[in-house]
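Structure, as structure tokens:
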Amino acid sequence: MPEHRSIAILGGTGPAGTGLALRWARAGETVILGSRDAQRAQQAAEKIKTKVGNQARVSGMENSAACAAADILVLTVPFESQAALLKRLKPAINPGSILIDATVALAASVGGRASRTLGVWQGSSAQQAAELVPKEVSVAAAFHNLSAELLNGDETLDCDVIVCSDDPKAAQITRVLATKITGVRAIDGGKLENARVLEQITALLIGLNIRHKGHAGIRITGLSPEAYR
């Protein structure tokens with residue numbers, strides 16, 4: 001992945017967005033935090049700089065401006081905001097961009113339990129995203145199962161990131177980004193349709209965390225070393 005690429009995290013001022021931004025800023029990546037409120041995004045970026053240092057390449061912009069300034073987009077918004085946001089941002093997304101979707105259709109979005117998922121007509125949140133972005137944009141599903149609280153901390157993570165996409169290039173770039181996070185391994189999870197399983201695992205992990213008061217992740221065992229890349 002070329003070093004000059006910027007990563008725009010849409011809805012980036014929430015816990016998942018700031019956590020990913022912090023980890024990538026520590027790895028030397030150029031990160032743009034996107035938000036409905038540019039000032040809020042800039043404030044979040046400054047907080048990350050205080051943790052990483054002034055050398056951190058992190059900034060904050062309104063979501064549309066963030067889209068226009070990057071060709072790798074990471075969506076970290078609640079399911080109830082996903083469709084409306086992508087429809088609004090569609091004109092601002094650069095052709096050939098990659099959208100990495102971390103959305104999970106949790107029942108909490110309609111007043112239900114966070115440990116349950118909703119049925120999505122397209123099959124998964126990521127497949128819904130693929131229908132909403134321009135045709136020239138590739139979609140990958142990833143980062144559903146990382147603890148936002150741990151991402152925002154200082155400890156090394158002990159977790160695998162499974163990446164699903166119909167575009168091998170988008171999947172490979174996403175796996176590279178995942179391995180920029182210390183302690184994370186990346187695994188090719190196959191086609192985008194498999195994202196529905198990733199989302200269901202997230203609901204399971206939330207249930208485990210509530211029950212056992214932890215920050216559960218997943219590790220996949222029994223594969224050859226070449227599988228973790």
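Simple scheme: letters A, B, ... for chains in structure tokens order, numbers from 1 for residues in each chain, numbers from 1 for ligands in the order shown.
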Run DSSP on the backbone of this structure and report the residues of range 62-197 of chain A it assigns to strand (DSSP E or B), as a ChimeraX atom specification. /A:62,72-75,98-101,106,117,138-141,159-165,184-188
Now that the selection is made, can you save its residues with C-alpha atoms as an mmCIF file, in the first residue's frame?
data_model
loop_
_atom_site.group_PDB
_atom_site.id
_atom_site.type_symbol
_atom_site.label_atom_id
_atom_site.label_comp_id
_atom_site.auth_asym_id
_atom_site.auth_seq_id
_atom_site.Cartn_x
_atom_site.Cartn_y
_atom_site.Cartn_z
ATOM 1 C CA GLU A 62 -16.367 17.235 8.001
ATOM 2 C CA ILE A 72 -9.337 4.614 1.725
ATOM 3 C CA LEU A 73 -12.508 5.166 3.723
ATOM 4 C CA VAL A 74 -13.370 3.393 6.973
ATOM 5 C CA LEU A 75 -16.996 3.517 8.113
ATOM 6 C CA ILE A 98 -12.010 1.491 -1.054
ATOM 7 C CA LEU A 99 -14.679 1.547 1.646
ATOM 8 C CA ILE A 100 -13.915 -0.589 4.696
ATOM 9 C CA ASP A 101 -17.183 -1.144 6.523
ATOM 10 C CA LEU A 106 -27.287 -4.625 16.173
ATOM 11 C CA THR A 117 -28.416 -8.668 15.219
ATOM 12 C CA SER A 138 -14.821 -1.507 -3.677
ATOM 13 C CA VAL A 139 -16.146 -2.576 -0.283
ATOM 14 C CA ALA A 140 -14.435 -4.687 2.357
ATOM 15 C CA ALA A 141 -15.871 -5.757 5.713
ATOM 16 C CA CYS A 159 -7.050 -10.444 18.320
ATOM 17 C CA ASP A 160 -7.500 -11.483 14.702
ATOM 18 C CA VAL A 161 -9.235 -9.345 12.090
ATOM 19 C CA ILE A 162 -11.171 -11.270 9.456
ATOM 20 C CA VAL A 163 -11.530 -9.413 6.157
ATOM 21 C CA CYS A 164 -14.274 -10.159 3.632
ATOM 22 C CA SER A 165 -14.471 -8.607 0.170
ATOM 23 C CA VAL A 184 -3.419 -8.032 15.373
ATOM 24 C CA ARG A 185 -3.268 -10.712 12.701
ATOM 25 C CA ALA A 186 -5.341 -10.467 9.512
ATOM 26 C CA ILE A 187 -7.098 -13.344 7.780
ATOM 27 C CA ASP A 188 -8.817 -13.540 4.393
#
Counting only C-alpha atoms, what is within 12 Å of Ala84 in chain A, bar same-chain residues fewer than 4 positions away, as a PyMOL selection string? chain A and resi 77-80+88-90+128-129+132-133
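Between Lys51 in chain A and the residues A:Ala92, A:Leu192, A:Ala142, A:Ala25, the shortest atom-to-atom distance, using only C-alpha atoms, involves A:Ala25.
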Identify, on the basis of only C-alpha atoms, every residue whose closest approach to Lys47 in chain A does not exceed 12 Å; exclude the query and any residue fewer than 6 positions from it along the same chain; express the result as an MDAnalysis selection string. chainID A and resid 13 18:19 21:22 25 33 40:41 53:54 56 58:60 152
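In this model, the gap between CA of Glu199 in chain A and CA of Asn145 in chain A comes to 8.2 Å.
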Quick check for you: according to DSSP on this backbone, which residues of range 63-103 of chain A are classed as alpha helix (DSSP H)? Reply as an MDAnalysis selection string. chainID A and resid 63:68 79:89
Could you please take those selected residues and save N, CA, C and O atoms as a compact mmCIF listing (two decimals), in the first residue's frame?
# COMPACT_ATOMS: atom_id res chain seq x y z
N ASN A 63 -17.30 15.11 7.24
CA ASN A 63 -17.27 13.83 6.54
C ASN A 63 -17.08 13.95 5.04
O ASN A 63 -16.31 13.20 4.43
N SER A 64 -17.78 14.87 4.39
CA SER A 64 -17.67 15.02 2.93
C SER A 64 -16.26 15.42 2.53
O SER A 64 -15.70 14.90 1.55
N ALA A 65 -15.68 16.35 3.27
CA ALA A 65 -14.32 16.78 2.98
C ALA A 65 -13.33 15.65 3.20
O ALA A 65 -12.36 15.50 2.44
N ALA A 66 -13.58 14.85 4.23
CA ALA A 66 -12.71 13.70 4.50
C ALA A 66 -12.75 12.71 3.35
O ALA A 66 -11.72 12.16 2.94
N CYS A 67 -13.95 12.46 2.81
CA CYS A 67 -14.10 11.57 1.65
C CYS A 67 -13.29 12.07 0.46
O CYS A 67 -12.61 11.31 -0.22
N ALA A 68 -13.39 13.35 0.20
CA ALA A 68 -12.72 13.93 -0.96
C ALA A 68 -11.20 13.91 -0.82
O ALA A 68 -10.48 13.93 -1.81
N PHE A 79 -25.46 1.26 12.93
CA PHE A 79 -26.22 0.80 11.77
C PHE A 79 -27.32 1.77 11.36
O PHE A 79 -27.56 1.98 10.17
N GLU A 80 -27.98 2.39 12.35
CA GLU A 80 -29.09 3.27 12.02
C GLU A 80 -28.66 4.53 11.26
O GLU A 80 -29.48 5.22 10.66
N SER A 81 -27.35 4.82 11.27
CA SER A 81 -26.83 5.99 10.56
C SER A 81 -26.19 5.65 9.22
O SER A 81 -25.92 6.53 8.41
N GLN A 82 -25.94 4.36 8.99
CA GLN A 82 -25.13 3.95 7.84
C GLN A 82 -25.71 4.38 6.50
O GLN A 82 -25.05 5.04 5.69
N ALA A 83 -26.95 4.00 6.23
CA ALA A 83 -27.54 4.24 4.91
C ALA A 83 -27.66 5.72 4.61
O ALA A 83 -27.27 6.19 3.52
N ALA A 84 -28.18 6.48 5.56
CA ALA A 84 -28.36 7.92 5.33
C ALA A 84 -27.03 8.61 5.09
O ALA A 84 -26.91 9.49 4.22
N LEU A 85 -26.00 8.22 5.84
CA LEU A 85 -24.69 8.84 5.68
C LEU A 85 -24.09 8.53 4.32
O LEU A 85 -23.58 9.42 3.63
N LEU A 86 -24.15 7.26 3.90
CA LEU A 86 -23.57 6.90 2.61
C LEU A 86 -24.31 7.55 1.45
O LEU A 86 -23.68 7.96 0.46
N LYS A 87 -25.61 7.68 1.56
CA LYS A 87 -26.37 8.36 0.50
C LYS A 87 -25.95 9.81 0.39
O LYS A 87 -25.82 10.36 -0.71
N ARG A 88 -25.72 10.44 1.53
CA ARG A 88 -25.32 11.85 1.53
C ARG A 88 -23.89 12.03 1.02
O ARG A 88 -23.58 13.02 0.34
N LEU A 89 -23.03 11.08 1.34
CA LEU A 89 -21.62 11.22 0.97
C LEU A 89 -21.29 10.70 -0.43
O LEU A 89 -20.20 10.95 -0.93
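Of the listed residues A:Ala69, A:Ser6, A:Ile201, A:Arg196, the one whose atoms come nearest to Ser125 in chain A is A:Arg196, with distances taken using only C-alpha atoms.
Using only C-alpha atoms, the residues found no farther than 10 Å from Leu177 in chain A, other than those of its own chain fewer than 5 positions away, are A:Met1, A:Ile7, A:Leu20, A:Trp24, A:Ala27, A:Glu29, A:Ala171, A:Gln172, A:Val184, A:Ala186.
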Residues of the last selection are to be written out with N, CA and C atoms, as a CSV table (one decimal), in the first residue's frame.
chain,number,residue,atom,x,y,z
A,1,MET,N,0.8,-1.2,0.0
A,1,MET,CA,0.0,0.0,0.0
A,1,MET,C,0.9,1.2,0.0
A,7,ILE,N,-6.1,7.8,5.1
A,7,ILE,CA,-7.2,6.9,5.6
A,7,ILE,C,-8.2,7.9,6.2
A,20,LEU,N,-9.2,3.2,16.2
A,20,LEU,CA,-8.5,2.9,15.0
A,20,LEU,C,-7.6,4.0,14.6
A,24,TRP,N,-3.5,3.6,14.1
A,24,TRP,CA,-2.9,3.9,12.8
A,24,TRP,C,-1.9,5.1,12.9
A,27,ALA,N,1.2,4.0,14.1
A,27,ALA,CA,2.0,3.2,13.1
A,27,ALA,C,2.5,4.1,12.0
A,29,GLU,N,0.7,6.1,10.0
A,29,GLU,CA,-0.3,6.3,8.9
A,29,GLU,C,-0.8,7.8,8.9
A,171,ALA,N,-9.3,-6.3,-0.3
A,171,ALA,CA,-9.1,-7.2,0.8
A,171,ALA,C,-7.6,-7.2,1.3
A,172,GLN,N,-6.7,-7.1,0.3
A,172,GLN,CA,-5.3,-7.1,0.7
A,172,GLN,C,-4.9,-5.8,1.4
A,184,VAL,N,-2.3,-7.6,16.2
A,184,VAL,CA,-3.4,-8.0,15.4
A,184,VAL,C,-2.9,-8.8,14.2
A,186,ALA,N,-4.3,-10.6,10.5
A,186,ALA,CA,-5.3,-10.5,9.5
A,186,ALA,C,-5.5,-11.8,8.7
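In this structure, CA of Val137 in chain A sits 5.1 Å away from CA of Ser97 in chain A.
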Nearest-residue call for Ala203 in chain A, choices A:Ala105, A:Ala45, A:Ala148, A:Ile173, using only C-alpha atoms: A:Ala105
